[in-house]
Amino acid sequence: MIVEAITPPARVLVTKIGLDGHDRGSRIVASYLRDAGMEVIYTPPWQSIDAVVNLAVQEDVELIGVSSLATDHLVVPELMQQLERAGLKDIGVIVGGIVPDNERPCLLDAGVDQIFGPGAARDEIVARVFELVAHTRSARAA
Amino acid sequence: MTANPVQLALPGFDQELAEWRERYRTQIGEDPLIRNRSGVEIQPLYTPDDWSGTRYLDELGFPGKPPFTRGIYPTMHRGRRWSQRQLIGLGTPEDYNARVTSLLESGSNAISLIPCNSVFRGIDCDEVPPLLLGTCGTVVNTIEHMDACLEGVSMEHVSTALNDPSPFTLFAFLLGVAERRGIDRSRISGTSNQSDYISHFVANHMFYRLSLAGSRRVLLDHIEYCQETVPNWNSLSIVGQHMQQAGATPAQAMGFALCTAIQYAEDCITRGMAAEIMLQRFTFFFDISISFFEEVAKFRAGRRIWARIVKERFGVKDPRALRFKFHAQTSGADLTRQQPLNNIARVAIQAMAGIFGGLQSMHTDGFDEAISCPSKASAQIAIATQNILRDEAHLCDVIDPLGGSYYVETLTDQMESEIADLICRIDDAGGMYKAVETGLVQGIIGESAIAFEERVESGDQKVVGVNCYIAEQEDAEPLPYRPDPVAIERVVADFRRYKSQRSERKIREVLDTLARVANSKDENIFAAVVASASAGATHGEIVACLRNELGFGHPLIVP
């Protein structure tokens with residue numbers, strides 16, 4: 001397991017937006033990130049986009065992980081727009097779960113940094129989060 | 001060692017067994033420890049040394065007689081085929097009707113209705129981003145929508161399962177449609193599928209419509225109402241499926257479902273309902289994973305324990321009230337997005353386990369369900385899988401064909417003991433309602449989910465196409481189901497018009513009554529829901545009113 005010495009610890013928000021409540025994936029990923037030494041802010045499902053943006057500001061997070069099983073990824077472009085409007089363009093965004101291949105471009109074009117599907121390995125997820133958080137930090141330092 | 005009946009009946013058995021053990025040890029080298037998903041250690045061979053049938057009458061008996069280990073009816077699938085009840089939910093009410101009609105023509109003999117996620121959340125279609133409408137279920141907000149869903153469906157002959165928990169508005173719409181069509185309520189049959197609110201607070205958090213305490217009250221009112229006025233409706237379906245999909249092991253899912261059933265039975269008895277009658281309408285809903293023998297043993301053990309619990313805890317004598325009736329669904333969590341056609345093989349194996357486990361009703365998943373709501377073609381393959389297993393492969397010629405297998409009987413006993421331990425643990429915690437309120441159950445399931453994920457991650461649990469036999473290049477993925485945006489727009493526009501054309505005064509009156517009843521101690525909330533639905537109130541209005549009076553359902557535990 002990767003545990004990277006990054007100080008202060010990475011601050012990550014793990015959430016679900018939209019209408020679906022299947023949270024097995026988001027819980028497991030949240031525990032992976034915690035085990036890797038990150039500070040994870042975890043929300044129940046069904047967050048509104050506004051609530052996620054507000055929480056990101058309040059908690060000063062460096063990355064948002066959005067879990068989607070049942071088509072809620074379709075409103076992620078809306079989240080990206082609102083993050084930009086709130087001046088949070090430097091935050092990394094990862095979408096995890098079921099994003100059909102034909103709908104990936106729409107998310108990536110909207111500024112999502114990474115999409116992880118089922119089968120993504122724990123180390124791969126953790127390493128990518130560290131990488132994106134480091135990127136956010138250097139962007140903020142500049 | 002003293003002589004046991006096996007040794008007396010089979011002279012030389014011990015020596016032969018010892019010889020085989022020695023040969024096995026020499027040839028196998030290092031024998032890996034194998035455990036099933038529930039943690040039971042699996043041996044390479046089972047013999048009369050493990051299970052001998054000496055307690056046949058107590059432990060197994062005959063089909064149709066308690067403890068029902070071999071099946072709840074004397075004839076089982078030889079006498080009556082299981083209900084082929086595919087989950088159906090997509091797009092608009094018209095899309096739903098077209099899919100139902102096509103499935104009924106292909107051998108389905110019962111239907112189900114999965115509403116859109118917005119309905120699960122208790123809100124109407126005009127309050128939701130249109131992009132999310134109808135993607136995973138049908139938009140059903142009014143009695144008119146239900147009428148369109150069931151257009152041409154013979155309600156008195158086709159049993160209907162509504163995936164619609166508290167406050168059961170879809171069922172209220174269905175009763176309204178039946179009344180319109182002049183169908184007597186006594187001829188309506190089906191199930192309030194997933195009426196088990198506890199399972200929603202534990203796992204698959206689709207339905208936090210009302211607070212835990214509010215849901216408890218509405219469920220009891222619903223059960224009482226159905227018992228009195230819709231006698232062939234199964235008002236309660238206890239759901240182990242959600243828990244297993246959320247990560248519970250098969251034994252845990254069965255154990256927690258039985259604890260939930262105990263809780264509801266106690267609640268009904270406290271309310272003054274007669275256990276002998278009310279328990280006859282208890283039904284269960286389970287997941288069938290690909291862990292084939294474990295699933296068969298899970299169902300056989302569950303039947304046996306439930307019959308004993310009902311007899312011993314509730315003093316019920318009528319064997320009909322001891323029957324463990326269940327619907328099962330092949331596990332979606334076992335399906336892979338990688339190489340999705342492989343899912344057809346997985347579903348067939350899961351379905352076999354369900355059939356050998358003695359189910360009463362089954363849904364088989366479409367192979368593309370790891371990606372989206374199933375296409376018409378994959379839904380046809382799923383139903384054909386059931387037809388092939390039953391009619392072509394002759395799986396139903398013999399009742400409980402795995403009964404008497406040394407392995408299956410031993411495993412049934414072991415699963416029973418795992419399940420019984422869990423029931424004791426929940427009893428000690430004060431029952432299922434309390435154990436959920438404090439998060440005990442959620443914690444156990446969360447640990448199991450992570451443990452399973454770690455087994456997949458380490459390769460200890462093989463998943464073809466995911467951690468072994470990975471394709472160098474995947475074929476193009478099947479396109480996901482998405483509803484026609486124009487049709488969705490029309491549904492929303494029609495809905496707005498429908499709302500504006502109603503008599504506002506009348507709607508306010510029925511909702512005021514509903515609010516008053518919710519605060520009364522002795523009036524039936526579900527009766528008021530039925531009245532509101534028939535008068536034209538929408539799903540969202542009814543839920544909002546009750547949320548206001550009984551409290552909003554929030555997740556109990558957040559890690």
# chains A, B, ... in the order shown; residues from 1 in each chain; ligands from 1
>>> interface_residues(of="chain B", to="chain A", cutoff="9 Å", atoms="only C-alpha atoms", output="number ranges by chain")
B: 117-118, 120-121, 128-129, 131-132, 135-136, 203-207, 245-247, 336-338, 370-373, 446, 449-450, 453, 457, 466-467, 476-480, 554-555, 557-559
>>> write_last_selection(atoms="N, CA and C atoms", output="tab-separated table (two decimals), in the first residue's frame")
chain	number	residue	atom	x	y	z
B	117	ASN	N	-35.03	7.12	-10.06
B	117	ASN	CA	-34.36	7.50	-8.82
B	117	ASN	C	-35.00	8.72	-8.16
B	118	SER	N	-35.59	9.59	-8.96
B	118	SER	CA	-36.25	10.76	-8.37
B	118	SER	C	-37.43	10.32	-7.50
B	120	PHE	N	-37.60	7.42	-5.98
B	120	PHE	CA	-36.97	6.85	-4.77
B	120	PHE	C	-36.64	7.95	-3.77
B	121	ARG	N	-36.21	9.09	-4.30
B	121	ARG	CA	-35.86	10.19	-3.41
B	121	ARG	C	-37.09	10.94	-2.91
B	128	VAL	N	-36.31	17.90	-10.76
B	128	VAL	CA	-35.09	17.12	-10.95
B	128	VAL	C	-34.43	17.52	-12.27
B	129	PRO	N	-33.07	17.50	-12.33
B	129	PRO	CA	-32.45	17.73	-13.64
B	129	PRO	C	-32.98	16.71	-14.66
B	131	LEU	N	-31.86	15.45	-17.18
B	131	LEU	CA	-30.86	14.47	-17.60
B	131	LEU	C	-30.92	13.19	-16.77
B	132	LEU	N	-31.38	13.32	-15.52
B	132	LEU	CA	-31.38	12.16	-14.62
B	132	LEU	C	-32.72	11.42	-14.61
B	135	THR	N	-33.53	7.33	-16.34
B	135	THR	CA	-32.33	6.59	-16.76
B	135	THR	C	-32.26	5.22	-16.10
B	136	CYS	N	-32.76	5.11	-14.88
B	136	CYS	CA	-32.66	3.83	-14.16
B	136	CYS	C	-34.01	3.35	-13.65
B	203	ALA	N	-28.42	-0.36	4.12
B	203	ALA	CA	-27.67	-0.52	2.88
B	203	ALA	C	-28.51	0.00	1.72
B	204	ASN	N	-27.90	0.10	0.57
B	204	ASN	CA	-28.61	0.57	-0.62
B	204	ASN	C	-29.53	1.72	-0.26
B	205	HIS	N	-28.94	2.82	0.11
B	205	HIS	CA	-29.69	3.90	0.73
B	205	HIS	C	-30.55	4.66	-0.26
B	206	MET	N	-31.42	3.94	-0.92
B	206	MET	CA	-32.23	4.59	-1.94
B	206	MET	C	-33.43	5.32	-1.35
B	207	PHE	N	-33.84	4.93	-0.18
B	207	PHE	CA	-35.19	5.31	0.21
B	207	PHE	C	-35.29	6.02	1.54
B	245	GLN	N	-25.67	-6.89	-1.41
B	245	GLN	CA	-25.11	-6.03	-2.46
B	245	GLN	C	-24.17	-4.97	-1.86
B	246	ALA	N	-24.46	-4.57	-0.64
B	246	ALA	CA	-23.62	-3.56	0.01
B	246	ALA	C	-22.36	-4.18	0.59
B	247	GLY	N	-22.26	-5.51	0.57
B	247	GLY	CA	-21.02	-6.14	1.02
B	247	GLY	C	-21.18	-7.19	2.11
B	336	THR	N	-19.43	-8.02	-14.19
B	336	THR	CA	-18.28	-7.17	-14.48
B	336	THR	C	-18.56	-6.31	-15.70
B	337	ARG	N	-18.00	-5.13	-15.64
B	337	ARG	CA	-18.10	-4.25	-16.80
B	337	ARG	C	-17.14	-4.74	-17.88
B	338	GLN	N	-16.04	-5.36	-17.43
B	338	GLN	CA	-15.08	-5.90	-18.38
B	338	GLN	C	-15.68	-7.15	-19.03
B	370	ALA	N	-24.08	-4.16	-15.65
B	370	ALA	CA	-22.92	-3.55	-14.99
B	370	ALA	C	-22.65	-2.18	-15.61
B	371	ILE	N	-23.34	-1.86	-16.67
B	371	ILE	CA	-23.11	-0.57	-17.34
B	371	ILE	C	-24.31	0.34	-17.24
B	372	SER	N	-25.49	-0.23	-17.47
B	372	SER	CA	-26.70	0.61	-17.40
B	372	SER	C	-27.91	-0.29	-17.21
B	373	CYS	N	-29.05	0.33	-17.25
B	373	CYS	CA	-30.33	-0.36	-17.25
B	373	CYS	C	-30.33	-1.29	-18.49
B	446	GLY	N	-19.94	-2.95	6.43
B	446	GLY	CA	-18.83	-2.17	5.87
B	446	GLY	C	-17.52	-2.95	5.96
B	449	ALA	N	-17.48	-5.62	3.32
B	449	ALA	CA	-17.30	-5.08	1.96
B	449	ALA	C	-15.82	-4.84	1.70
B	450	ILE	N	-15.14	-4.27	2.68
B	450	ILE	CA	-13.72	-3.97	2.50
B	450	ILE	C	-12.90	-5.27	2.44
B	453	GLU	N	-13.27	-6.72	-1.00
B	453	GLU	CA	-12.53	-5.92	-1.97
B	453	GLU	C	-11.03	-6.25	-1.87
B	457	GLU	N	-8.57	-7.57	-4.71
B	457	GLU	CA	-7.35	-6.79	-4.95
B	457	GLU	C	-6.11	-7.68	-4.88
B	466	VAL	N	-11.15	-9.23	-14.66
B	466	VAL	CA	-10.85	-8.11	-13.77
B	466	VAL	C	-9.47	-8.28	-13.14
B	467	ASN	N	-9.24	-9.44	-12.49
B	467	ASN	CA	-7.90	-9.66	-11.93
B	467	ASN	C	-7.23	-10.91	-12.49
B	476	ALA	N	-15.85	-3.03	-28.16
B	476	ALA	CA	-16.58	-1.79	-27.87
B	476	ALA	C	-17.70	-2.11	-26.89
B	477	GLU	N	-17.84	-1.24	-25.92
B	477	GLU	CA	-18.84	-1.44	-24.87
B	477	GLU	C	-20.24	-1.25	-25.46
B	478	PRO	N	-21.20	-2.06	-25.00
B	478	PRO	CA	-22.58	-1.80	-25.46
B	478	PRO	C	-22.99	-0.40	-25.03
B	479	LEU	N	-23.74	0.28	-25.87
B	479	LEU	CA	-24.17	1.64	-25.51
B	479	LEU	C	-25.14	1.56	-24.34
B	480	PRO	N	-25.01	2.47	-23.40
B	480	PRO	CA	-25.92	2.42	-22.24
B	480	PRO	C	-27.33	2.85	-22.63
B	554	HIS	N	-32.71	10.64	7.32
B	554	HIS	CA	-31.29	10.92	7.09
B	554	HIS	C	-30.49	9.65	7.34
B	555	PRO	N	-29.37	9.51	6.65
B	555	PRO	CA	-28.51	8.35	6.95
B	555	PRO	C	-28.12	8.38	8.43
B	557	ILE	N	-25.54	6.62	9.93
B	557	ILE	CA	-24.11	6.53	10.22
B	557	ILE	C	-23.33	7.01	9.01
B	558	VAL	N	-22.46	7.92	9.21
B	558	VAL	CA	-21.58	8.34	8.13
B	558	VAL	C	-20.15	8.11	8.58
B	559	PRO	N	-19.40	7.34	7.82
B	559	PRO	CA	-18.04	7.04	8.29
B	559	PRO	C	-17.15	8.28	8.27
>>> atom_distance(atom1="CA of Ile238 (chain B)", atom2="CA of Ser83 (chain B)")
17.6 Å
>>> residues_around(residues="region 164-172 of chain B", least_positions_apart="2", cutoff="6 Å", atoms="only C-alpha atoms", output="tab-separated table (two decimals) with C-alpha atoms, in the first residue's frame")
chain	number	residue	atom	x	y	z
B	162	LEU	CA	-43.77	-2.51	-6.79
B	174	LEU	CA	-52.24	0.98	-8.40
B	175	LEU	CA	-55.28	0.58	-6.13
B	194	GLN	CA	-38.64	-3.56	-0.54
B	195	SER	CA	-41.20	-2.35	1.98
B	530	VAL	CA	-54.63	5.93	-0.80
>>> residues_around(residues="Asp50 (chain B)", least_positions_apart="6", cutoff="9 Å", atoms="only C-alpha atoms", output="tab-separated table (two decimals) with C-alpha atoms, in the first residue's frame")
chain	number	residue	atom	x	y	z
B	406	TYR	CA	-22.59	-34.71	2.13
B	407	TYR	CA	-21.16	-31.35	1.20
B	409	GLU	CA	-25.87	-30.82	4.01
B	410	THR	CA	-22.71	-30.08	6.00
>>> residues_around(residues="Glu59 (chain A)", least_positions_apart="3", cutoff="10 Å", atoms="only C-alpha atoms", output="list in words")
Arg11, Val12, Leu13, Ile41, Asn54, Leu55, Ala56 and Glu62 of chain A
>>> write_last_selection(atoms="N, CA and C atoms", output="PDB file, in the first residue's frame")
ATOM      1  N   ARG A  11      -6.139  16.891   1.710  1.00  0.00           N
ATOM      2  CA  ARG A  11      -7.547  17.018   2.133  1.00  0.00           C
ATOM      3  C   ARG A  11      -8.457  16.714   0.959  1.00  0.00           C
ATOM      4  N   VAL A  12      -9.233  15.655   1.125  1.00  0.00           N
ATOM      5  CA  VAL A  12     -10.019  15.143   0.001  1.00  0.00           C
ATOM      6  C   VAL A  12     -11.491  15.026   0.396  1.00  0.00           C
ATOM      7  N   LEU A  13     -12.371  15.460  -0.501  1.00  0.00           N
ATOM      8  CA  LEU A  13     -13.813  15.306  -0.282  1.00  0.00           C
ATOM      9  C   LEU A  13     -14.306  14.132  -1.121  1.00  0.00           C
ATOM     10  N   ILE A  41     -12.998  13.982   3.904  1.00  0.00           N
ATOM     11  CA  ILE A  41     -14.314  14.486   4.306  1.00  0.00           C
ATOM     12  C   ILE A  41     -15.314  13.688   3.486  1.00  0.00           C
ATOM     13  N   ASN A  54     -19.960  24.413  -1.688  1.00  0.00           N
ATOM     14  CA  ASN A  54     -19.805  25.075  -0.387  1.00  0.00           C
ATOM     15  C   ASN A  54     -18.882  24.299   0.549  1.00  0.00           C
ATOM     16  N   LEU A  55     -19.086  22.993   0.571  1.00  0.00           N
ATOM     17  CA  LEU A  55     -18.266  22.155   1.445  1.00  0.00           C
ATOM     18  C   LEU A  55     -16.793  22.215   1.018  1.00  0.00           C
ATOM     19  N   ALA A  56     -16.578  22.218  -0.284  1.00  0.00           N
ATOM     20  CA  ALA A  56     -15.200  22.276  -0.803  1.00  0.00           C
ATOM     21  C   ALA A  56     -14.514  23.555  -0.329  1.00  0.00           C
ATOM     22  N   GLU A  62      -8.519  19.809  -1.408  1.00  0.00           N
ATOM     23  CA  GLU A  62      -7.616  19.908  -2.560  1.00  0.00           C
ATOM     24  C   GLU A  62      -8.039  19.000  -3.700  1.00  0.00           C
TER      25      GLU A  62
END
>>> closest_residue(among="A:Ile94, A:Pro77, A:Asp50, A:Lys89", to="Val126 (chain A)", atoms="only C-alpha atoms")
A:Ile94
>>> atom_distance(atom1="CA of Arg496 (chain B)", atom2="CA of Lys16 (chain A)")
28.4 Å
>>> select_by_dssp(residues="chain A", states="alpha helix (DSSP H)", output="JSON, numbers by chain")
{"A": [24, 25, 26, 27, 28, 29, 30, 31, 32, 33, 34, 35, 49, 50, 51, 52, 53, 54, 55, 56, 57, 58, 76, 77, 78, 79, 80, 81, 82, 83, 84, 85, 104, 105, 106, 107, 108, 109, 122, 123, 124, 125, 126, 127, 128, 129, 130, 131, 132, 133, 134, 135, 136, 137, 138, 139, 140, 141]}
>>> write_last_selection(atoms="C-alpha atoms", output="short mmCIF file (atom, residue, chain, number, x, y, z; two decimals), in the first residue's frame")
data_model
loop_
_atom_site.label_atom_id
_atom_site.label_comp_id
_atom_site.auth_asym_id
_atom_site.auth_seq_id
_atom_site.Cartn_x
_atom_site.Cartn_y
_atom_site.Cartn_z
CA ARG A 24 -20.43 0.80 -1.40
CA GLY A 25 -17.81 2.18 -3.79
CA SER A 26 -17.47 5.60 -2.18
CA ARG A 27 -17.10 4.08 1.28
CA ILE A 28 -14.40 1.69 0.15
CA VAL A 29 -12.45 4.40 -1.68
CA ALA A 30 -12.77 6.74 1.33
CA SER A 31 -11.25 4.06 3.53
CA TYR A 32 -8.40 3.51 1.03
CA LEU A 33 -7.57 7.20 1.09
CA ARG A 34 -7.72 7.37 4.88
CA ASP A 35 -5.46 4.36 5.15
CA ILE A 49 -24.05 20.61 -6.46
CA ASP A 50 -24.28 23.79 -4.36
CA ALA A 51 -23.69 21.83 -1.18
CA VAL A 52 -20.59 20.17 -2.63
CA VAL A 53 -19.14 23.49 -3.79
CA ASN A 54 -19.80 25.07 -0.39
CA LEU A 55 -18.27 22.15 1.45
CA ALA A 56 -15.20 22.28 -0.80
CA VAL A 57 -14.72 25.93 0.15
CA GLN A 58 -15.42 25.49 3.87
CA VAL A 76 -20.79 16.35 -13.23
CA PRO A 77 -20.22 18.95 -16.01
CA GLU A 78 -22.59 21.21 -14.09
CA LEU A 79 -20.48 20.69 -10.95
CA MET A 80 -17.36 21.62 -12.90
CA GLN A 81 -18.93 24.88 -14.04
CA GLN A 82 -19.96 25.81 -10.53
CA LEU A 83 -16.54 25.00 -9.11
CA GLU A 84 -15.01 27.31 -11.67
CA ARG A 85 -17.50 30.03 -10.81
CA ARG A 104 -16.31 9.79 -20.90
CA PRO A 105 -15.36 12.55 -23.35
CA CYS A 106 -18.14 14.79 -22.07
CA LEU A 107 -16.71 14.60 -18.52
CA LEU A 108 -13.08 14.95 -19.54
CA ASP A 109 -13.93 17.94 -21.76
CA ARG A 122 -6.19 0.70 -4.80
CA ASP A 123 -2.58 1.78 -5.42
CA GLU A 124 -3.48 3.31 -8.75
CA ILE A 125 -6.24 5.38 -7.13
CA VAL A 126 -4.08 6.50 -4.20
CA ALA A 127 -1.13 7.41 -6.41
CA ARG A 128 -3.29 9.47 -8.74
CA VAL A 129 -4.88 11.35 -5.84
CA PHE A 130 -1.43 12.24 -4.45
CA GLU A 131 -0.33 13.36 -7.89
CA LEU A 132 -3.35 15.62 -8.37
CA VAL A 133 -3.07 17.05 -4.85
CA ALA A 134 0.60 17.86 -5.45
CA HIS A 135 -0.46 19.59 -8.65
CA THR A 136 -3.10 21.63 -6.80
CA ARG A 137 -0.53 22.66 -4.19
CA SER A 138 1.99 23.82 -6.74
CA ALA A 139 -0.72 25.72 -8.63
CA ARG A 140 -1.76 27.43 -5.39
CA ALA A 141 1.84 28.20 -4.42
#
>>> closest_atom_pairs(of="region 354-376 of chain B", to="region 296-307 of chain B", cutoff="9 Å", atoms="only C-alpha atoms", output="Markdown table")
| residue | atom | partner | partner_atom | distance |
| --- | --- | --- | --- | --- |
| B:Gly354 | CA | B:Val296 | CA | 6.7 |
| B:Ile355 | CA | B:Val296 | CA | 8.4 |
| B:Phe356 | CA | B:Val296 | CA | 6.1 |
| B:Gly357 | CA | B:Val296 | CA | 4.5 |
| B:Gly358 | CA | B:Phe299 | CA | 7.4 |
| B:Leu359 | CA | B:Phe299 | CA | 8.2 |
>>> write_last_selection(atoms="C-alpha atoms", output="PDB file, in the first residue's frame")
ATOM      1  CA  GLY B 354     -31.464 -19.903  -6.765  1.00  0.00           C
ATOM      2  CA  ILE B 355     -33.449 -22.744  -8.337  1.00  0.00           C
ATOM      3  CA  PHE B 356     -31.657 -25.408  -6.286  1.00  0.00           C
ATOM      4  CA  GLY B 357     -32.151 -23.145  -3.283  1.00  0.00           C
ATOM      5  CA  GLY B 358     -35.924 -23.477  -3.781  1.00  0.00           C
ATOM      6  CA  LEU B 359     -36.979 -19.924  -4.638  1.00  0.00           C
TER       7      LEU B 359
END
>>> residues_around(residues="Gln461 (chain B)", least_positions_apart="2", cutoff="12 Å", atoms="only C-alpha atoms", output="number ranges by chain")
B: 34-37, 290-291, 334, 451-459, 463-464, 466-468
>>> write_last_selection(atoms="N, CA and C atoms", output="PDB file, in the first residue's frame")
ATOM      1  N   ILE B  34      -9.186 -22.869   1.998  1.00  0.00           N
ATOM      2  CA  ILE B  34     -10.255 -22.242   1.205  1.00  0.00           C
ATOM      3  C   ILE B  34     -11.417 -21.906   2.133  1.00  0.00           C
ATOM      4  N   ARG B  35     -11.836 -20.661   2.071  1.00  0.00           N
ATOM      5  CA  ARG B  35     -13.028 -20.261   2.822  1.00  0.00           C
ATOM      6  C   ARG B  35     -14.048 -19.715   1.847  1.00  0.00           C
ATOM      7  N   ASN B  36     -15.330 -19.961   2.130  1.00  0.00           N
ATOM      8  CA  ASN B  36     -16.338 -19.356   1.262  1.00  0.00           C
ATOM      9  C   ASN B  36     -16.545 -17.906   1.707  1.00  0.00           C
ATOM     10  N   ARG B  37     -17.462 -17.208   1.049  1.00  0.00           N
ATOM     11  CA  ARG B  37     -17.627 -15.773   1.329  1.00  0.00           C
ATOM     12  C   ARG B  37     -18.073 -15.518   2.762  1.00  0.00           C
ATOM     13  N   ILE B 290     -22.478 -15.614  -7.020  1.00  0.00           N
ATOM     14  CA  ILE B 290     -21.973 -16.715  -7.845  1.00  0.00           C
ATOM     15  C   ILE B 290     -21.314 -17.799  -6.992  1.00  0.00           C
ATOM     16  N   SER B 291     -21.275 -17.621  -5.686  1.00  0.00           N
ATOM     17  CA  SER B 291     -20.721 -18.647  -4.802  1.00  0.00           C
ATOM     18  C   SER B 291     -21.777 -19.746  -4.667  1.00  0.00           C
ATOM     19  N   ASP B 334     -21.729  -9.013  -8.662  1.00  0.00           N
ATOM     20  CA  ASP B 334     -20.814 -10.014  -9.237  1.00  0.00           C
ATOM     21  C   ASP B 334     -20.575  -9.787 -10.726  1.00  0.00           C
ATOM     22  N   ALA B 451     -13.278  -6.223   3.298  1.00  0.00           N
ATOM     23  CA  ALA B 451     -12.557  -7.502   3.293  1.00  0.00           C
ATOM     24  C   ALA B 451     -12.687  -8.181   1.922  1.00  0.00           C
ATOM     25  N   PHE B 452     -13.878  -8.131   1.321  1.00  0.00           N
ATOM     26  CA  PHE B 452     -14.065  -8.766   0.017  1.00  0.00           C
ATOM     27  C   PHE B 452     -13.243  -8.043  -1.046  1.00  0.00           C
ATOM     28  N   GLU B 453     -13.270  -6.719  -0.997  1.00  0.00           N
ATOM     29  CA  GLU B 453     -12.527  -5.924  -1.966  1.00  0.00           C
ATOM     30  C   GLU B 453     -11.033  -6.247  -1.865  1.00  0.00           C
ATOM     31  N   GLU B 454     -10.577  -6.447  -0.643  1.00  0.00           N
ATOM     32  CA  GLU B 454      -9.160  -6.781  -0.464  1.00  0.00           C
ATOM     33  C   GLU B 454      -8.828  -8.151  -1.039  1.00  0.00           C
ATOM     34  N   ARG B 455      -9.791  -9.058  -0.963  1.00  0.00           N
ATOM     35  CA  ARG B 455      -9.554 -10.390  -1.555  1.00  0.00           C
ATOM     36  C   ARG B 455      -9.476 -10.306  -3.074  1.00  0.00           C
ATOM     37  N   VAL B 456     -10.288  -9.443  -3.653  1.00  0.00           N
ATOM     38  CA  VAL B 456     -10.234  -9.258  -5.114  1.00  0.00           C
ATOM     39  C   VAL B 456      -8.918  -8.576  -5.479  1.00  0.00           C
ATOM     40  N   GLU B 457      -8.570  -7.570  -4.705  1.00  0.00           N
ATOM     41  CA  GLU B 457      -7.355  -6.787  -4.948  1.00  0.00           C
ATOM     42  C   GLU B 457      -6.110  -7.683  -4.877  1.00  0.00           C
ATOM     43  N   SER B 458      -6.101  -8.619  -3.896  1.00  0.00           N
ATOM     44  CA  SER B 458      -4.923  -9.479  -3.722  1.00  0.00           C
ATOM     45  C   SER B 458      -4.937 -10.658  -4.696  1.00  0.00           C
ATOM     46  N   GLY B 459      -6.062 -10.866  -5.376  1.00  0.00           N
ATOM     47  CA  GLY B 459      -6.144 -11.991  -6.299  1.00  0.00           C
ATOM     48  C   GLY B 459      -6.590 -13.276  -5.621  1.00  0.00           C
ATOM     49  N   VAL B 463     -11.618 -12.861 -10.270  1.00  0.00           N
ATOM     50  CA  VAL B 463     -12.747 -12.359 -11.051  1.00  0.00           C
ATOM     51  C   VAL B 463     -12.274 -12.268 -12.496  1.00  0.00           C
ATOM     52  N   VAL B 464     -12.855 -13.129 -13.340  1.00  0.00           N
ATOM     53  CA  VAL B 464     -12.389 -13.245 -14.722  1.00  0.00           C
ATOM     54  C   VAL B 464     -12.571 -11.921 -15.473  1.00  0.00           C
ATOM     55  N   VAL B 466     -11.150  -9.231 -14.659  1.00  0.00           N
ATOM     56  CA  VAL B 466     -10.846  -8.111 -13.768  1.00  0.00           C
ATOM     57  C   VAL B 466      -9.466  -8.278 -13.138  1.00  0.00           C
ATOM     58  N   ASN B 467      -9.237  -9.445 -12.490  1.00  0.00           N
ATOM     59  CA  ASN B 467      -7.899  -9.659 -11.925  1.00  0.00           C
ATOM     60  C   ASN B 467      -7.227 -10.911 -12.487  1.00  0.00           C
ATOM     61  N   CYS B 468      -7.855 -11.522 -13.481  1.00  0.00           N
ATOM     62  CA  CYS B 468      -7.204 -12.616 -14.202  1.00  0.00           C
ATOM     63  C   CYS B 468      -7.879 -12.728 -15.579  1.00  0.00           C
TER      64      CYS B 468
END
>>> atom_distance(atom1="CA of Phe526 (chain B)", atom2="CA of Arg187 (chain B)")
19.6 Å
>>> residues_around(residues="Phe256 (chain B)", least_positions_apart="3", cutoff="12 Å", atoms="only C-alpha atoms", output="PyMOL selection string")
chain B and resi 196+198-199+202-203+238-244+248-253+259-263+284+286+302+418-427+431-433+435-436+440-442+444-445
>>> closest_residue(among="B:Ser38, B:Pro63, B:Glu156, B:Phe13", to="Val398 (chain B)", atoms="only C-alpha atoms")
B:Pro63
>>> select_by_dssp(residues="region 319-523 of chain B", states="strand (DSSP E or B)", output="MDAnalysis selection string")
chainID B and resid 325:330 361:363 464 468
>>> write_last_selection(atoms="C-alpha atoms", output="PDB file, in the first residue's frame")
ATOM      1  CA  LYS B 325     -41.262 -17.537   0.820  1.00  0.00           C
ATOM      2  CA  PHE B 326     -38.662 -15.685  -1.188  1.00  0.00           C
ATOM      3  CA  HIS B 327     -37.886 -13.830  -4.359  1.00  0.00           C
ATOM      4  CA  ALA B 328     -34.269 -13.698  -5.422  1.00  0.00           C
ATOM      5  CA  GLN B 329     -32.237 -11.696  -7.840  1.00  0.00           C
ATOM      6  CA  THR B 330     -28.967 -12.679  -9.429  1.00  0.00           C
ATOM      7  CA  SER B 361     -39.774 -15.957  -7.715  1.00  0.00           C
ATOM      8  CA  MET B 362     -36.692 -14.814  -9.617  1.00  0.00           C
ATOM      9  CA  HIS B 363     -35.146 -11.949 -11.511  1.00  0.00           C
ATOM     10  CA  VAL B 464     -12.389 -13.245 -14.722  1.00  0.00           C
ATOM     11  CA  CYS B 468      -7.204 -12.616 -14.202  1.00  0.00           C
TER      12      CYS B 468
END
